[in-house]
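Content type compact mmCIF, C-alpha atoms and all ligand atoms, from the file target_4.txt:
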```
# COMPACT_ATOMS: atom_id res chain seq x y z
CA MET J 1 19.72 12.31 -91.78
CA PHE J 2 19.50 15.89 -93.05
CA ASN J 3 16.73 17.69 -91.26
CA LEU J 4 16.98 21.46 -91.43
CA ASN J 5 14.17 23.27 -89.72
CA ASN J 6 13.76 25.87 -92.45
CA LYS J 7 10.86 27.65 -90.78
CA ILE J 8 13.14 28.65 -87.89
CA PHE J 9 15.79 30.12 -90.20
CA GLU J 10 13.22 31.80 -92.47
CA LYS J 11 11.71 33.55 -89.48
CA ARG J 12 15.12 34.80 -88.31
CA ARG J 13 15.95 36.10 -91.79
CA GLU J 14 12.65 37.92 -91.93
CA ILE J 15 13.27 39.66 -88.60
CA PHE J 16 16.85 40.50 -89.57
CA LEU J 17 15.81 41.89 -92.98
CA ASN J 18 13.15 44.05 -91.32
CA LYS J 19 15.74 45.51 -89.00
CA LEU J 20 18.06 46.32 -91.91
CA GLU J 21 15.68 48.93 -93.39
CA GLY J 22 17.29 49.50 -96.77
CA LYS J 23 20.79 48.23 -95.87
CA ALA J 24 22.66 45.35 -97.51
CA ALA J 25 24.26 42.87 -95.10
CA ILE J 26 27.22 40.65 -96.01
CA ILE J 27 27.56 37.75 -93.56
CA PRO J 28 30.46 35.34 -94.27
CA ALA J 29 30.79 31.74 -93.13
CA SER J 30 33.92 30.58 -91.29
CA SER J 31 36.90 29.14 -93.11
CA LEU J 32 38.83 26.07 -92.09
CA VAL J 33 41.76 26.91 -89.81
CA LYS J 34 45.14 25.21 -90.18
CA HIS J 35 46.22 23.07 -87.23
CA HIS J 36 49.60 22.03 -88.61
CA ALA J 37 51.05 21.10 -92.02
CA ASP J 38 48.04 20.23 -94.16
CA CYS J 39 45.80 19.28 -91.21
CA GLU J 40 42.96 21.49 -90.09
CA TYR J 41 41.02 22.05 -86.88
CA PRO J 42 37.51 20.62 -86.90
CA PHE J 43 35.25 23.02 -88.79
CA ARG J 44 33.30 25.48 -86.67
CA GLN J 45 30.69 27.56 -88.47
CA ASP J 46 30.43 31.30 -87.77
CA SER J 47 27.60 31.72 -85.28
CA ASN J 48 25.91 34.64 -87.07
CA PHE J 49 26.09 32.87 -90.41
CA TRP J 50 24.70 29.71 -88.86
CA TYR J 51 21.94 31.60 -87.05
CA LEU J 52 20.65 33.02 -90.32
CA THR J 53 21.25 30.15 -92.75
CA GLY J 54 21.71 26.75 -91.05
CA PHE J 55 24.34 26.13 -93.75
CA ASP J 56 27.31 24.22 -92.39
CA GLU J 57 30.00 24.56 -95.07
CA PRO J 58 33.12 26.75 -94.96
CA ASP J 59 33.84 29.73 -97.23
CA ALA J 60 30.25 30.61 -98.09
CA ILE J 61 28.78 34.13 -97.98
CA ALA J 62 25.20 35.16 -97.33
CA LEU J 63 23.76 38.46 -98.55
CA PHE J 64 20.69 40.02 -97.00
CA LEU J 65 19.35 42.70 -99.31
CA SER J 66 16.65 44.67 -97.56
CA HIS J 67 16.54 47.20 -100.41
CA LYS J 68 15.31 44.51 -102.84
CA PRO J 69 11.77 43.19 -103.25
CA LYS J 70 10.67 39.96 -101.56
CA GLY J 71 12.05 36.92 -103.33
CA GLU J 72 15.38 38.65 -104.14
CA ARG J 73 16.68 39.31 -100.66
CA PHE J 74 18.52 36.21 -99.48
CA ILE J 75 21.52 35.31 -101.67
CA LEU J 76 24.02 32.52 -100.95
CA PHE J 77 27.49 32.18 -102.45
CA VAL J 78 28.72 28.62 -101.93
CA SER J 79 31.41 26.20 -103.08
CA PRO J 80 30.12 24.66 -106.32
CA LYS J 81 29.73 20.91 -106.73
CA ASP J 82 33.07 19.33 -107.67
CA VAL J 83 33.52 15.57 -107.86
CA VAL J 84 37.24 15.55 -107.09
CA SER J 85 37.02 17.97 -104.14
CA GLU J 86 34.08 16.05 -102.74
CA VAL J 87 36.02 12.79 -102.90
CA TRP J 88 38.77 14.40 -100.82
CA HIS J 89 36.80 16.66 -98.48
CA GLY J 90 33.23 15.43 -98.51
CA PHE J 91 29.78 16.29 -99.75
CA ARG J 92 28.80 19.82 -100.77
CA TRP J 93 25.30 21.12 -101.33
CA GLY J 94 26.40 23.21 -104.28
CA ILE J 95 24.43 25.98 -105.93
CA GLU J 96 21.30 23.93 -106.54
CA GLY J 97 21.26 22.60 -102.98
CA ALA J 98 21.67 26.11 -101.56
CA GLU J 99 18.51 27.18 -103.38
CA LYS J 100 16.47 24.03 -102.94
CA GLU J 101 17.34 22.94 -99.40
CA PHE J 102 18.45 26.21 -97.82
CA LYS J 103 15.85 28.38 -99.53
CA ALA J 104 18.20 30.98 -100.93
CA ASP J 105 16.31 33.25 -103.33
CA LYS J 106 19.33 32.85 -105.57
CA ALA J 107 22.65 31.02 -105.16
CA HIS J 108 25.98 31.41 -106.94
CA SER J 109 29.45 29.95 -106.92
CA ILE J 110 31.70 31.63 -104.35
CA ASN J 111 34.09 32.22 -107.25
CA ASP J 112 31.67 34.86 -108.61
CA ILE J 113 31.54 36.97 -105.45
CA GLN J 114 33.90 39.67 -106.69
CA ASP J 115 31.84 40.28 -109.86
CA LEU J 116 28.37 39.97 -108.37
CA LEU J 117 28.75 41.66 -104.97
CA PRO J 118 28.62 45.23 -106.38
CA VAL J 119 25.57 44.35 -108.46
CA TYR J 120 23.64 43.05 -105.48
CA VAL J 121 24.66 45.81 -103.09
CA GLU J 122 23.80 48.58 -105.54
CA GLY J 123 20.84 50.63 -104.38
CA SER J 124 21.29 49.96 -100.65
CA ASP J 125 21.60 52.81 -98.16
CA GLU J 126 24.39 51.28 -96.15
CA ILE J 127 26.59 48.19 -96.06
CA VAL J 128 26.46 45.94 -93.02
CA PHE J 129 29.64 43.93 -92.54
CA SER J 130 31.85 42.96 -89.59
CA ILE J 131 35.21 44.67 -90.15
CA GLY J 132 38.32 42.84 -88.93
CA LYS J 133 36.78 39.38 -88.60
CA HIS J 134 36.80 37.92 -92.12
CA PRO J 135 40.14 38.81 -93.71
CA ARG J 136 39.56 36.78 -96.89
CA ILE J 137 36.38 38.56 -97.93
CA GLU J 138 37.12 41.91 -96.29
CA LYS J 139 39.37 42.97 -99.16
CA VAL J 140 36.58 42.30 -101.68
CA VAL J 141 34.04 44.19 -99.59
CA LEU J 142 36.28 47.23 -99.09
CA GLU J 143 37.22 47.40 -102.77
CA MET J 144 33.56 47.28 -103.73
CA PHE J 145 32.74 49.95 -101.15
CA ALA J 146 35.55 52.23 -102.31
CA LYS J 147 34.37 52.02 -105.92
CA GLN J 148 30.84 52.77 -104.85
CA LEU J 149 31.93 55.81 -102.83
CA GLU J 150 33.71 57.13 -105.89
CA ASN J 151 30.62 56.59 -107.98
CA ARG J 152 28.42 58.12 -105.30
CA SER J 153 30.21 61.44 -105.67
CA ARG J 154 28.98 61.53 -109.26
CA VAL J 155 25.52 60.00 -109.13
CA GLY J 156 24.54 60.95 -105.59
CA ILE J 157 23.23 57.57 -104.45
CA GLY J 158 24.75 54.44 -102.91
CA ALA J 159 25.97 53.21 -99.57
CA ASN J 160 27.88 55.83 -97.67
CA SER J 161 29.05 53.80 -94.69
CA ILE J 162 29.71 50.35 -93.31
CA GLN J 163 28.28 49.31 -90.02
CA SER J 164 28.48 46.19 -87.93
CA PRO J 165 25.79 43.49 -88.08
CA GLU J 166 26.28 42.85 -84.39
CA ARG J 167 23.97 45.73 -83.57
CA PHE J 168 21.07 43.88 -85.24
CA LEU J 169 21.99 40.27 -84.55
CA ASN J 170 23.17 40.47 -80.95
CA GLU J 171 19.83 41.63 -79.65
CA MET J 172 18.09 38.86 -81.61
CA ARG J 173 20.45 36.16 -80.36
CA LEU J 174 20.34 37.35 -76.75
CA ILE J 175 16.66 36.43 -76.41
CA LYS J 176 16.19 32.71 -77.04
CA SER J 177 13.03 31.48 -78.80
CA GLU J 178 11.16 28.39 -77.56
CA PHE J 179 12.98 26.36 -80.22
CA GLU J 180 16.36 27.60 -79.00
CA ILE J 181 15.48 27.06 -75.36
CA ASN J 182 14.74 23.43 -76.16
CA ARG J 183 18.03 23.01 -78.00
CA MET J 184 19.82 24.58 -75.02
CA ARG J 185 17.99 22.19 -72.70
CA GLU J 186 19.38 19.28 -74.67
CA ALA J 187 22.95 20.60 -74.78
CA ILE J 188 22.87 21.36 -71.07
CA GLN J 189 21.25 18.05 -70.13
CA ILE J 190 23.97 16.07 -71.92
CA SER J 191 26.60 18.28 -70.25
CA ALA J 192 25.03 17.73 -66.82
CA GLU J 193 24.90 13.96 -67.34
CA ALA J 194 28.61 14.00 -68.19
CA HIS J 195 29.33 15.70 -64.86
CA GLU J 196 27.24 13.06 -63.11
CA LEU J 197 29.31 10.38 -64.80
CA VAL J 198 32.46 11.99 -63.36
CA ARG J 199 30.97 12.11 -59.89
CA GLU J 200 29.93 8.46 -60.06
CA SER J 201 33.27 7.15 -61.27
CA ILE J 202 35.78 9.51 -59.64
CA LEU J 203 37.06 6.90 -57.15
CA LEU J 204 38.15 4.67 -60.06
CA LYS J 205 40.18 7.33 -61.91
CA ASN J 206 43.75 8.38 -61.30
CA ASN J 207 44.54 11.11 -63.86
CA GLU J 208 42.81 14.28 -65.07
CA ARG J 209 43.15 13.06 -68.65
CA GLN J 210 40.92 10.05 -67.95
CA ILE J 211 38.19 12.37 -66.71
CA GLN J 212 38.47 14.47 -69.87
CA GLY J 213 38.17 11.29 -71.94
CA LEU J 214 35.12 10.18 -69.99
CA ILE J 215 33.34 13.51 -70.47
CA GLU J 216 34.18 14.10 -74.10
CA GLY J 217 33.51 10.46 -75.01
CA PHE J 218 30.08 10.83 -73.45
CA PHE J 219 29.40 13.98 -75.49
CA LEU J 220 30.15 12.11 -78.71
CA GLU J 221 28.18 9.07 -77.63
CA LYS J 222 25.16 11.32 -77.12
CA GLY J 223 25.49 12.69 -80.65
CA ALA J 224 26.97 16.08 -79.74
CA ARG J 225 29.64 17.62 -81.96
CA GLY J 226 32.09 17.50 -79.05
CA PRO J 227 33.17 19.85 -76.27
CA ALA J 228 31.87 23.42 -76.59
CA TYR J 229 35.26 24.73 -75.40
CA ASN J 230 38.47 23.15 -74.13
CA SER J 231 37.38 21.09 -71.13
CA ILE J 232 38.98 22.17 -67.86
CA VAL J 233 39.81 19.18 -65.66
CA ALA J 234 41.82 20.65 -62.82
CA SER J 235 42.76 18.79 -59.63
CA GLY J 236 44.10 20.45 -56.49
CA ASP J 237 46.07 23.65 -57.10
CA ASN J 238 45.53 23.38 -60.89
CA ALA J 239 41.99 24.61 -60.23
CA CYS J 240 43.45 28.01 -59.27
CA VAL J 241 44.47 28.45 -62.92
CA LEU J 242 41.18 29.64 -64.38
CA HIS J 243 41.73 28.38 -67.93
CA TYR J 244 43.79 25.29 -67.08
CA THR J 245 43.51 22.86 -69.99
CA VAL J 246 46.68 20.76 -69.68
CA ASN J 247 44.52 18.08 -67.99
CA ASN J 248 47.36 15.67 -67.35
CA SER J 249 48.08 15.53 -63.61
CA PRO J 250 47.66 12.47 -61.42
CA LEU J 251 44.69 12.68 -59.05
CA ASN J 252 45.44 12.97 -55.37
CA LYS J 253 42.74 11.58 -53.06
CA ARG J 254 43.08 14.53 -50.67
CA ASP J 255 42.44 17.12 -53.40
CA LEU J 256 39.35 18.50 -55.03
CA LEU J 257 38.68 18.14 -58.75
CA LEU J 258 37.24 21.11 -60.64
CA VAL J 259 35.64 20.19 -63.96
CA ASP J 260 34.39 22.96 -66.26
CA ALA J 261 32.97 21.29 -69.36
CA GLY J 262 29.98 21.40 -71.66
CA CYS J 263 29.04 19.95 -75.03
CA SER J 264 28.21 21.60 -78.32
CA LEU J 265 25.36 20.08 -80.31
CA THR J 266 25.52 19.55 -84.07
CA ASP J 267 23.61 22.82 -84.44
CA TYR J 268 26.07 24.58 -82.13
CA TYR J 269 23.96 25.11 -79.01
CA ASN J 270 26.18 24.81 -75.95
CA GLY J 271 26.25 23.77 -72.32
CA ASP J 272 28.70 25.25 -69.80
CA ILE J 273 28.79 23.65 -66.36
CA THR J 274 31.35 23.54 -63.55
CA ARG J 275 31.37 21.15 -60.64
CA THR J 276 34.00 20.71 -57.94
CA ILE J 277 34.08 17.37 -56.15
CA PRO J 278 36.31 15.63 -53.56
CA ILE J 279 38.52 13.12 -55.38
CA GLY J 280 38.69 10.75 -52.43
CA GLY J 281 34.98 10.98 -51.69
CA LYS J 282 35.24 13.26 -48.61
CA PHE J 283 35.79 17.02 -48.23
CA SER J 284 38.42 18.11 -45.71
CA LYS J 285 37.28 20.64 -43.10
CA GLU J 286 38.87 23.51 -45.03
CA GLN J 287 37.56 22.37 -48.41
CA LYS J 288 34.06 22.08 -46.97
CA PHE J 289 34.19 25.63 -45.51
CA ILE J 290 35.10 27.10 -48.87
CA TYR J 291 32.64 24.92 -50.78
CA GLU J 292 29.78 26.01 -48.53
CA ILE J 293 30.59 29.68 -49.09
CA VAL J 294 30.69 29.28 -52.88
CA LEU J 295 27.50 27.19 -52.94
CA ASP J 296 25.66 29.73 -50.79
CA ALA J 297 26.84 32.58 -53.03
CA GLN J 298 25.82 30.65 -56.14
CA LYS J 299 22.34 29.74 -54.91
CA ASN J 300 21.57 33.30 -53.87
CA ALA J 301 22.93 34.70 -57.11
CA ILE J 302 20.74 32.29 -59.09
CA GLU J 303 17.68 33.38 -57.11
CA SER J 304 18.43 36.98 -58.05
CA ALA J 305 18.34 36.22 -61.80
CA VAL J 306 14.75 37.33 -62.26
CA ILE J 307 13.08 39.56 -64.83
CA GLY J 308 14.10 43.18 -64.29
CA SER J 309 17.28 42.29 -62.40
CA ASN J 310 20.58 42.43 -64.33
CA SER J 311 23.86 40.59 -64.59
CA ASN J 312 25.64 43.11 -62.39
CA THR J 313 23.15 42.54 -59.58
CA VAL J 314 23.63 38.78 -59.93
CA HIS J 315 27.40 39.33 -59.64
CA ASN J 316 27.06 41.60 -56.63
CA VAL J 317 24.80 39.17 -54.76
CA ALA J 318 27.42 36.44 -55.17
CA LEU J 319 30.35 38.74 -54.41
CA LYS J 320 28.92 39.97 -51.12
CA ILE J 321 28.38 36.42 -49.84
CA LEU J 322 31.86 35.33 -50.95
CA VAL J 323 33.47 38.29 -49.19
CA GLU J 324 31.50 37.79 -45.99
CA GLY J 325 32.29 34.08 -45.96
CA LEU J 326 35.99 34.76 -46.51
CA LYS J 327 35.92 37.29 -43.67
CA GLU J 328 34.38 34.71 -41.36
CA ILE J 329 37.25 32.27 -41.89
CA GLY J 330 39.90 34.99 -41.63
CA LEU J 331 40.98 35.22 -45.28
CA LEU J 332 39.68 38.79 -45.65
CA ARG J 333 39.54 41.64 -43.16
CA GLY J 334 37.66 44.95 -42.95
CA SER J 335 34.21 46.21 -43.88
CA THR J 336 32.53 44.29 -46.70
CA GLU J 337 31.81 47.50 -48.55
CA GLU J 338 35.41 48.66 -48.39
CA ILE J 339 36.72 45.26 -49.51
CA ILE J 340 34.37 45.25 -52.51
CA ASP J 341 34.84 48.91 -53.47
CA ASN J 342 38.62 48.58 -53.41
CA GLY J 343 38.77 45.12 -55.01
CA LEU J 344 40.62 43.70 -51.99
CA TYR J 345 39.13 40.24 -52.69
CA LYS J 346 40.61 39.87 -56.15
CA HIS J 347 43.48 37.60 -55.10
CA LEU J 348 40.76 35.06 -54.17
CA TYR J 349 37.99 35.79 -56.70
CA MET J 350 39.19 37.37 -59.93
CA HIS J 351 36.40 36.86 -62.46
CA ARG J 352 32.80 37.92 -63.00
CA THR J 353 29.96 35.69 -61.87
CA GLY J 354 28.54 34.79 -65.28
CA HIS J 355 27.95 35.41 -68.97
CA TRP J 356 25.27 34.92 -71.63
CA LEU J 357 25.18 31.41 -73.09
CA GLY J 358 23.95 30.35 -76.53
CA LEU J 359 25.49 29.68 -79.95
CA ASP J 360 28.67 31.17 -78.52
CA VAL J 361 29.71 29.92 -75.09
CA HIS J 362 30.31 33.53 -74.10
CA ASP J 363 27.29 34.54 -76.11
CA VAL J 364 26.68 37.87 -77.79
CA GLY J 365 24.62 40.65 -76.30
CA ALA J 366 25.43 43.70 -74.21
CA TYR J 367 25.53 43.44 -70.42
CA ARG J 368 25.35 47.19 -70.06
CA MET J 369 25.12 50.29 -72.24
CA GLY J 370 27.45 52.68 -70.49
CA ASP J 371 25.91 53.09 -67.04
CA TYR J 372 22.64 51.45 -68.02
CA GLU J 373 22.44 47.78 -66.97
CA VAL J 374 20.57 45.62 -69.48
CA PRO J 375 17.59 44.18 -67.58
CA LEU J 376 17.04 40.42 -67.56
CA GLN J 377 14.14 39.25 -69.73
CA HIS J 378 12.32 36.00 -70.34
CA GLY J 379 14.34 33.89 -72.76
CA MET J 380 17.79 35.04 -71.71
CA ILE J 381 20.18 32.27 -70.67
CA LEU J 382 23.13 33.08 -68.44
CA THR J 383 25.66 31.16 -66.40
CA VAL J 384 26.04 31.77 -62.67
CA GLU J 385 29.52 30.70 -61.63
CA PRO J 386 31.11 32.16 -58.51
CA GLY J 387 34.33 30.64 -57.22
CA ILE J 388 37.16 30.95 -54.72
CA TYR J 389 40.76 30.19 -55.69
CA ILE J 390 43.37 30.13 -52.94
CA SER J 391 46.99 30.15 -54.06
CA ASP J 392 50.19 32.21 -53.97
CA ARG J 393 49.85 33.44 -57.54
CA ILE J 394 48.45 36.88 -56.80
CA PRO J 395 50.01 38.80 -53.88
CA VAL J 396 47.76 39.48 -50.89
CA PRO J 397 46.71 43.17 -50.99
CA ASP J 398 48.15 45.45 -48.29
CA GLY J 399 46.22 45.19 -45.05
CA GLN J 400 44.68 41.82 -45.88
CA PRO J 401 45.56 38.65 -43.91
CA THR J 402 48.36 36.40 -45.14
CA ILE J 403 47.05 33.02 -46.20
CA ASP J 404 47.61 30.06 -43.91
CA GLU J 405 49.10 27.02 -45.72
CA LYS J 406 46.08 24.87 -44.89
CA TRP J 407 43.92 26.83 -47.35
CA LYS J 408 46.31 26.80 -50.28
CA GLY J 409 45.55 24.65 -53.31
CA ILE J 410 41.81 24.90 -52.86
CA GLY J 411 40.09 26.08 -56.04
CA ILE J 412 36.32 25.84 -56.20
CA ARG J 413 33.82 27.02 -58.80
CA ILE J 414 30.19 26.00 -59.14
CA GLU J 415 28.51 26.91 -62.42
CA ASP J 416 24.93 26.41 -63.56
CA ASP J 417 23.08 27.51 -66.70
CA ILE J 418 20.03 29.61 -65.90
CA LEU J 419 16.98 30.45 -67.99
CA VAL J 420 15.28 33.71 -67.00
CA THR J 421 11.52 33.07 -66.93
CA GLU J 422 8.27 34.80 -65.98
CA LYS J 423 8.45 32.86 -62.70
CA GLU J 424 11.56 31.64 -60.88
CA PRO J 425 14.89 31.34 -62.66
CA GLU J 426 15.07 27.84 -64.13
CA ILE J 427 18.28 25.88 -63.52
CA LEU J 428 18.75 24.04 -66.81
CA SER J 429 21.77 22.15 -65.45
CA ILE J 430 19.96 20.87 -62.36
CA ALA J 431 20.73 17.23 -63.23
CA ALA J 432 24.36 17.76 -62.17
CA LEU J 433 24.26 17.39 -58.38
CA LYS J 434 26.11 19.92 -56.22
CA GLU J 435 25.05 19.43 -52.58
CA ILE J 436 27.85 18.28 -50.29
CA ALA J 437 25.86 15.21 -49.24
CA ASP J 438 25.56 14.16 -52.88
CA LEU J 439 29.25 14.66 -53.63
CA GLU J 440 30.58 12.66 -50.70
CA SER J 441 30.66 8.88 -50.72
MN MN L 1 31.14 29.71 -68.02
```
Show me, as structure tokens, the structure contained in the file I just sent.
Amino acid sequence: MFNLNNKIFEKRREIFLNKLEGKAAIIPASSLVKHHADCEYPFRQDSNFWYLTGFDEPDAIALFLSHKPKGERFILFVSPKDVVSEVWHGFRWGIEGAEKEFKADKAHSINDIQDLLPVYVEGSDEIVFSIGKHPRIEKVVLEMFAKQLENRSRVGIGANSIQSPERFLNEMRLIKSEFEINRMREAIQISAEAHELVRESILLKNNERQIQGLIEGFFLEKGARGPAYNSIVASGDNACVLHYTVNNSPLNKRDLLLVDAGCSLTDYYNGDITRTIPIGGKFSKEQKFIYEIVLDAQKNAIESAVIGSNSNTVHNVALKILVEGLKEIGLLRGSTEEIIDNGLYKHLYMHRTGHWLGLDVHDVGAYRMGDYEVPLQHGMILTVEPGIYISDRIPVPDGQPTIDEKWKGIGIRIEDDILVTEKEPEILSIAALKEIADLES
């Protein structure tokens, strides 16, 4: 069963260590999080820790010591083997397993971290650690750092500052390798097939909850870990609540159903797809108008996701088409430029058009550096997800048309996962149909 592709992780560690240039990085695993009483949420490994180690246990710590010679740079602190704990909570790799299977240069019990951390970090120029994210280990790191600073004033060497690992890891994770692209293909394919299952069986379902069950059951059946995020199954006006996750309303044949769901694989690669379909098998005239606007915006935005473009351009392409479409049907008024510059569309479209996708659903990586927009490159994966949400929740801005009742309760988003390539943008979620003709029965 266990099949860790060590070459992939070794390569990542090598690149990371090269970037560290004399610094010592401390990258902690996640801990289990309490759900209630003595029950915990399903374990979710820290994405950076996973990216560098492939080690899927809680409460471990990885050290990356770029100031040490080869063969002494990758240290793992793990929970030691313990028969009783393993009977209750399951198998552990232990110290030996961490060295043998996960290729740590040296492994220790996590119980020794306090004593050994200063020894390992000694001689590094700087400490690399994410402040504010790992409360349990942060105290140990700061104590060690404080002692070192004190010492430094006497001996003149030692780390003088702590900086964030994100600077090094985000740019690595933003560009997906061939291996990662293939894992993303699988996560997204399973996610797309789940949406197809919804489309095919919608006429037989009568509650949002059943749709959630269908999708998430399919994820598990396909061997995924489960949903990548809380599935949004929102019928009718519920779709105007962007992060609706109650998923427990009866389905009304006259409404649309918005489903935003994707799976997470066992190695944490994620899909993120949204489809909006007519519950009764036919769009009303109004629903069809809005759907066509969103689909047109989405297709054009996808086409603009080419090398050298950027995520802001992709957003602006979608936004312009949404605004012009909404003007045509009388839900916005004025010059397109003025509407966009003054945000007069935000009662109908209140989010950005996409985000990076990877080990995190909203994956790491800058979109811009101040005024500089990060250009799209081969190997980046982003979502393109424009929408229109018509409800009373946000007041109509002054000077804009009041909303006729016939439009209210329509919430539509269409979201695909896009790989930026040397040629055209590749729609990884293409298996989930979205043309009106395909959605009607
Ligand atoms: Mn998304």
List all protein, DNA and RNA residues that have an atom no more than 9 Å from any atom of ligand MN 1 (chain L), counting all atoms listed in the file, and report them as a PyMOL selection string.
chain J and resi 260-261+271-274+353-357+361-362+382-385+415-417
Would you pick out the contacts of J:Ser201 at 10 Å or less, using only C-alpha atoms, so that residues sharing its chain but fewer than 4 positions from it are not included, and give the list as a ChimeraX atom specification?
/J:196-197,205,211,214,279
Please, which residues in stretch 169-259 of chain J fall within 12 Å of stretch 2-23 of chain J when counting all atoms listed in the file, and what is the closest atom pair and distance in Å to one decimal for each, ordered by chain then residue number, as a tab-separated table?
```
residue	atom	partner	partner_atom	distance
J:Leu169	CA	J:Phe16	CA	7.2
J:Asn170	CA	J:Phe16	CA	10.7
J:Glu171	CA	J:Phe16	CA	10.4
J:Met172	CA	J:Phe16	CA	8.2
J:Arg173	CA	J:Arg12	CA	9.7
J:Lys176	CA	J:Arg12	CA	11.5
J:Ser177	CA	J:Ile8	CA	9.5
J:Glu178	CA	J:Ile8	CA	10.5
J:Phe179	CA	J:Ile8	CA	8.0
J:Glu180	CA	J:Ile8	CA	9.5
```
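Nearest to J:Ser429 of all the residues J:Gly365, J:Pro80, J:Gly262, J:Gly379 is J:Gly262, counting all atoms listed in the file.
Note that atom CA of J:Ile403 and atom CA of J:Gly334 are 15.5 Å apart.
Using only C-alpha atoms, the protein and nucleic acid residues lying no more than 9 Å from J:Pro375, apart from those fewer than 4 places from it along its own chain, are Ile307, Gly308, Ser309, Asn310, Ser311, Tyr367 and Arg368 of chain J.
Counting only C-alpha atoms, the residue from J:Leu332, J:Arg136, J:Ala366, J:Leu32 that sits nearest to J:Pro397 is J:Leu332.
Distances to J:Asp46 were evaluated for J:Gly223, J:Ser130, J:Ala25, J:Val121 using all atoms listed in the file, and the minimum falls at J:Ser130.
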What's the separation between atom CA of J:Leu63 and atom CA of J:Asp360, in Å to one decimal place?
21.9 Å
Quick one: distance from atom CA of J:Ala432 to atom CA of J:Ile277 in Å, one decimal?
11.4 Å
Using all atoms listed in the file, can you tell me which of J:Arg275, J:His347, J:Lys34, J:His134 comes closest to J:Asp392?
J:His347
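Considering all atoms listed in the file, the residue among J:Leu257, J:Tyr349, J:Val155, J:Ser264 positioned nearest to J:Lys222 is J:Ser264.
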Which of J:Ala228, J:Leu242, J:Val420, J:Leu344 sits closest to J:Glu303 [using all atoms listed in the file]:
J:Val420
Using all atoms listed in the file, which residues sit within 10 Å of J:Ile113 once same-chain residues fewer than 4 positions away are excluded, as a PyMOL selection string?
chain J and resi 60-61+76-78+108-109+117-120+137+140-141
Kindly save the residues from that selection, with C-alpha atoms included, as an mmCIF file, keeping the file's coordinate frame.
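Generated file (out36.cif):
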```cif
data_model
loop_
_atom_site.group_PDB
_atom_site.id
_atom_site.type_symbol
_atom_site.label_atom_id
_atom_site.label_comp_id
_atom_site.auth_asym_id
_atom_site.auth_seq_id
_atom_site.Cartn_x
_atom_site.Cartn_y
_atom_site.Cartn_z
ATOM 1 C CA ALA J 60 30.250 30.610 -98.090
ATOM 2 C CA ILE J 61 28.780 34.130 -97.980
ATOM 3 C CA LEU J 76 24.020 32.520 -100.950
ATOM 4 C CA PHE J 77 27.490 32.180 -102.450
ATOM 5 C CA VAL J 78 28.720 28.620 -101.930
ATOM 6 C CA HIS J 108 25.980 31.410 -106.940
ATOM 7 C CA SER J 109 29.450 29.950 -106.920
ATOM 8 C CA LEU J 117 28.750 41.660 -104.970
ATOM 9 C CA PRO J 118 28.620 45.230 -106.380
ATOM 10 C CA VAL J 119 25.570 44.350 -108.460
ATOM 11 C CA TYR J 120 23.640 43.050 -105.480
ATOM 12 C CA ILE J 137 36.380 38.560 -97.930
ATOM 13 C CA VAL J 140 36.580 42.300 -101.680
ATOM 14 C CA VAL J 141 34.040 44.190 -99.590
#
```
Give one line per residue of stretch 292-314 of chain J that approaches stretch 434-437 of chain J to at most 12 Å, naming the two atoms of the closest pair and their distance in Å to one decimal, counting only C-alpha atoms; sort by chain then ascending residue number and deliver it as a Markdown table.
```
| residue | atom | partner | partner_atom | distance |
| --- | --- | --- | --- | --- |
| J:Glu292 | CA | J:Ile436 | CA | 8.2 |
| J:Ile293 | CA | J:Ile436 | CA | 11.8 |
| J:Val294 | CA | J:Lys434 | CA | 10.9 |
| J:Leu295 | CA | J:Lys434 | CA | 8.1 |
| J:Asp296 | CA | J:Glu435 | CA | 10.5 |
| J:Gln298 | CA | J:Lys434 | CA | 10.7 |
| J:Lys299 | CA | J:Lys434 | CA | 10.6 |
```
Set the distance at 9 Å and use all atoms listed in the file: which residues neighbour J:Ser441 once local chain neighbours fewer than 6 positions away are removed? I'd like the list as a list in words.
Gly280, Gly281 and Lys282 of chain J
Give the centre and edge lengths of an axis-aligned box, in Å to one decimal, that holds all listed atoms of stretch 203-206 of chain J with 6 Å on each side, as AutoDock Vina command-line options.
```
--center_x 40.4 --center_y 6.5 --center_z -59.5 --size_x 18.7 --size_y 15.7 --size_z 16.8
```
